[in-house]
2 protein chains.
Amino acid sequence: MGGFDLAKFLPYRISVAAARVSRGFAKRYRTEFGISIPEWRVLAHLSAAGGPVSVREVHARVDMDKSKVSRAAARLEQAGYVAKAENSDDRRLVQLTLTEAGRDLVARIVPVARSYHAELLARLGPEADSFRRALERLATEEEEDRLPEKEAFVHDD
Amino acid sequence: MGGFDLAKFLPYRISVAAARVSRGFAKRYRTEFGISIPEWRVLAHLSAAGGPVSVREVHARVDMDKSKVSRAAARLEQAGYVAKAENSDDRRLVQLTLTEAGRDLVARIVPVARSYHAELLARLGPEADSFRRALERLATEEEEDRLPEKEAFVHDD
DNA sequence: ACGGTATCGTTGCATTTGCAACGATGTCAA
DNA sequence: TTGACATCGTTGCAAATGCAACGATACCGT
């Protein structure tokens with residue numbers, strides 16, 4: 001008679017796991033560095049991109065609403081981690097750049113991120129690769145709003 | 001040189017996948033049945049439990065803040081899907097019960113949930129089991145606030 | 001050159017969220 | 001019994017969120 005076992009329902013399980021993992025990571029840097037998850041995402045993408053990046057670009061790459069990116073950027077600017085400038089080629093665009101302080105902050109957070117990541121991998125063990133692939137398949141819901149494929153990004157590991 | 005590749009960072013990937021999957025499911029019933037994700041979770045747990053359930057119990061089982069459960073329950077009550085009563089053994093507790101309308105609603109949603117679940121499994125293919133295990137490992141962050149182990153639940157598949 | 005349309009980033013707004021505080025009830029030991 | 005402490009559910013509140021609308025700028029066909 002009982003009907004539906006939520007505990008085995010994938011959307012539920014994924015969302016619980018995601019919440020736990022995110023909280024676990026956020027706890028480590030929220031106190032220490034005073035930034036939020038959206039802010040961290042913007043910083044990380046700015047750092048990875050290396051150069052000036054528009055709000056739209058972050059929005060598309062990082063799976064955050066435009067307004068979320070905009071507000072995160074505003075907070076980061078006020079905190080002195082990010083500088084906003086007008087793109088002279090296309091004056092609708094905003095150029096987001098890491099300041100010196102921003103680069104320092106990232107440099108301090110990245111080791112924390114890497115170590116947390118390593119913990120997760122350890123917990124996953126040999127299934128980590130399979131897990132990665134699974135996430136990829138699930139995340140490819142529908143063809144999103146892709147970027148004009150400017151240029152490939154630089155990865156380093 | 002860029003440092004950190006967010007695109008390979010598990011907390012990020014998981015949270016993106018979770019958001020996509022949840023949105024995908026929610027889209028199917030938000031319009032049709034007019035309930036939100038927290039409300040769906042409460043309904044699902046009530047249905048699975050079969051009998052009266054306290055707010056605290058939902059809170060512990062379903063990974064939602066007390067206040068979130070409380071508000072979802074209030075909305076469900078107002079919509080006529082749930083009845084709230086006072087537990088006479090312990091008058092601090094609230095007894096949440098599905099009304100007839102509530103049971104009907106669940107009966108209509110469950111097939112949708114099952115079909116969505118089946119789609120996800122199909123997308124995952126043979127790695128589904130591995131994925132399940134991985135989620136479980138990740139979700140076991142720290143020993144949570146467990147329930148007094150009243151009785152095991154009834155599963156049906 | 002001009003007008004219609006598309007894109008970018010910000011902002012207003014209603015809703016949701018998490019957290020802490022609260023009143024009410026229950027428990028337990030002195 | 002009494003008083004200190006724990007637990008349950010609700011509520012207040014500040015912050016975060018998604019969405020739509022907006023002004024500004026760019027693009028494109030005529």
# chains A, B, ... in the order shown; residues from 1 in each chain; ligands from 1

$ select_by_dssp --residues "range 29-156 of chain B" --states "strand (DSSP E)" --output "ChimeraX atom specification"
/B:82-86,94-98

$ interface_residues --of "chain C" --to "chain B" --cutoff "8 Å" --atoms "only C-alpha atoms (C1' of nucleotides)" --output "VMD selection string"
chain C and resid 18 24 to 26

$ calpha_fit_rmsd --fixed "chain A" --moving "chain B"
0.1 Å

$ atom_distance --atom1 "CA of Val53 in chain B" --atom2 "C1' of DC5 in chain D"
25.8 Å

$ closest_residue --among "B:Leu76, B:Val58, B:Ala128, B:Ala118" --to "Leu105 in chain B" --atoms "only C-alpha atoms"
B:Leu76

$ interface_residues --of "chain A" --to "chain B" --cutoff "8 Å" --atoms "only C-alpha atoms" --output "PyMOL selection string"
chain A and resi 2-6+9-22+24-25+41+44-45+47-50+63+110+117+120+123-124+127-128+130-131+134-139+141+154-156

$ decode --residues "range 46-123 of chain B" --atoms "C-alpha atoms" --output "short mmCIF file (atom, residue, chain, number, x, y, z; two decimals), in the first residue's frame"
data_model
loop_
_atom_site.label_atom_id
_atom_site.label_comp_id
_atom_site.auth_asym_id
_atom_site.auth_seq_id
_atom_site.Cartn_x
_atom_site.Cartn_y
_atom_site.Cartn_z
CA LEU B 46 3.40 11.21 4.51
CA SER B 47 2.35 8.79 1.87
CA ALA B 48 5.25 6.46 2.54
CA ALA B 49 4.75 6.55 6.29
CA GLY B 50 1.11 5.66 5.94
CA GLY B 51 0.14 7.08 9.29
CA PRO B 52 0.35 10.30 11.26
CA VAL B 53 3.76 11.90 11.22
CA SER B 54 5.21 14.77 13.22
CA VAL B 55 6.93 17.79 11.77
CA ARG B 56 10.11 16.71 13.45
CA GLU B 57 9.94 13.33 11.80
CA VAL B 58 9.59 14.81 8.36
CA HIS B 59 12.36 17.23 9.18
CA ALA B 60 14.73 14.44 10.13
CA ARG B 61 13.87 12.08 7.32
CA VAL B 62 13.57 14.46 4.49
CA ASP B 63 16.48 16.79 5.06
CA MET B 64 14.51 19.97 5.42
CA ASP B 65 14.71 22.64 8.05
CA LYS B 66 11.96 22.50 10.66
CA SER B 67 10.60 25.81 9.54
CA LYS B 68 10.55 24.68 5.93
CA VAL B 69 8.54 21.62 6.87
CA SER B 70 6.25 23.69 9.03
CA ARG B 71 5.52 26.14 6.26
CA ALA B 72 5.09 23.46 3.63
CA ALA B 73 2.66 21.69 5.94
CA ALA B 74 0.75 24.91 6.51
CA ARG B 75 0.37 25.44 2.78
CA LEU B 76 -0.69 21.85 2.27
CA GLU B 77 -3.21 22.16 5.04
CA GLN B 78 -4.68 25.27 3.57
CA ALA B 79 -4.88 23.56 0.20
CA GLY B 80 -6.79 20.74 1.85
CA TYR B 81 -4.23 18.02 1.25
CA VAL B 82 -3.09 17.59 4.82
CA ALA B 83 -4.77 17.66 8.21
CA LYS B 84 -3.00 18.80 11.34
CA ALA B 85 -3.95 17.44 14.73
CA GLU B 86 -2.49 17.52 18.19
CA ASN B 87 -0.84 14.38 19.47
CA SER B 88 -2.54 13.58 22.77
CA ASP B 89 0.41 11.62 24.13
CA ASP B 90 2.80 14.47 23.63
CA ARG B 91 1.06 17.74 23.07
CA ARG B 92 4.16 19.34 21.65
CA LEU B 93 3.83 17.16 18.59
CA VAL B 94 1.70 17.77 15.57
CA GLN B 95 0.14 14.90 13.73
CA LEU B 96 0.23 15.38 10.01
CA THR B 97 -2.12 13.20 8.01
CA LEU B 98 -3.04 13.03 4.35
CA THR B 99 -6.62 13.90 3.65
CA GLU B 100 -8.58 12.12 0.99
CA ALA B 101 -7.71 14.89 -1.43
CA GLY B 102 -4.10 14.51 -0.40
CA ARG B 103 -4.08 10.82 -1.16
CA ASP B 104 -5.65 11.50 -4.51
CA LEU B 105 -3.06 14.10 -5.31
CA VAL B 106 -0.23 11.75 -4.42
CA ALA B 107 -1.79 9.06 -6.52
CA ARG B 108 -1.75 11.38 -9.47
CA ILE B 109 1.79 12.59 -8.93
CA VAL B 110 3.45 9.28 -8.27
CA PRO B 111 3.21 8.02 -11.84
CA VAL B 112 4.82 11.22 -13.02
CA ALA B 113 7.59 10.76 -10.51
CA ARG B 114 8.13 7.18 -11.52
CA SER B 115 8.29 8.02 -15.16
CA TYR B 116 10.76 10.80 -14.54
CA HIS B 117 12.82 8.45 -12.43
CA ALA B 118 12.80 5.91 -15.21
CA GLU B 119 14.08 8.52 -17.62
CA LEU B 120 16.95 9.33 -15.32
CA LEU B 121 17.83 5.68 -14.97
CA ALA B 122 17.77 5.30 -18.71
CA ARG B 123 20.11 8.22 -19.05
#
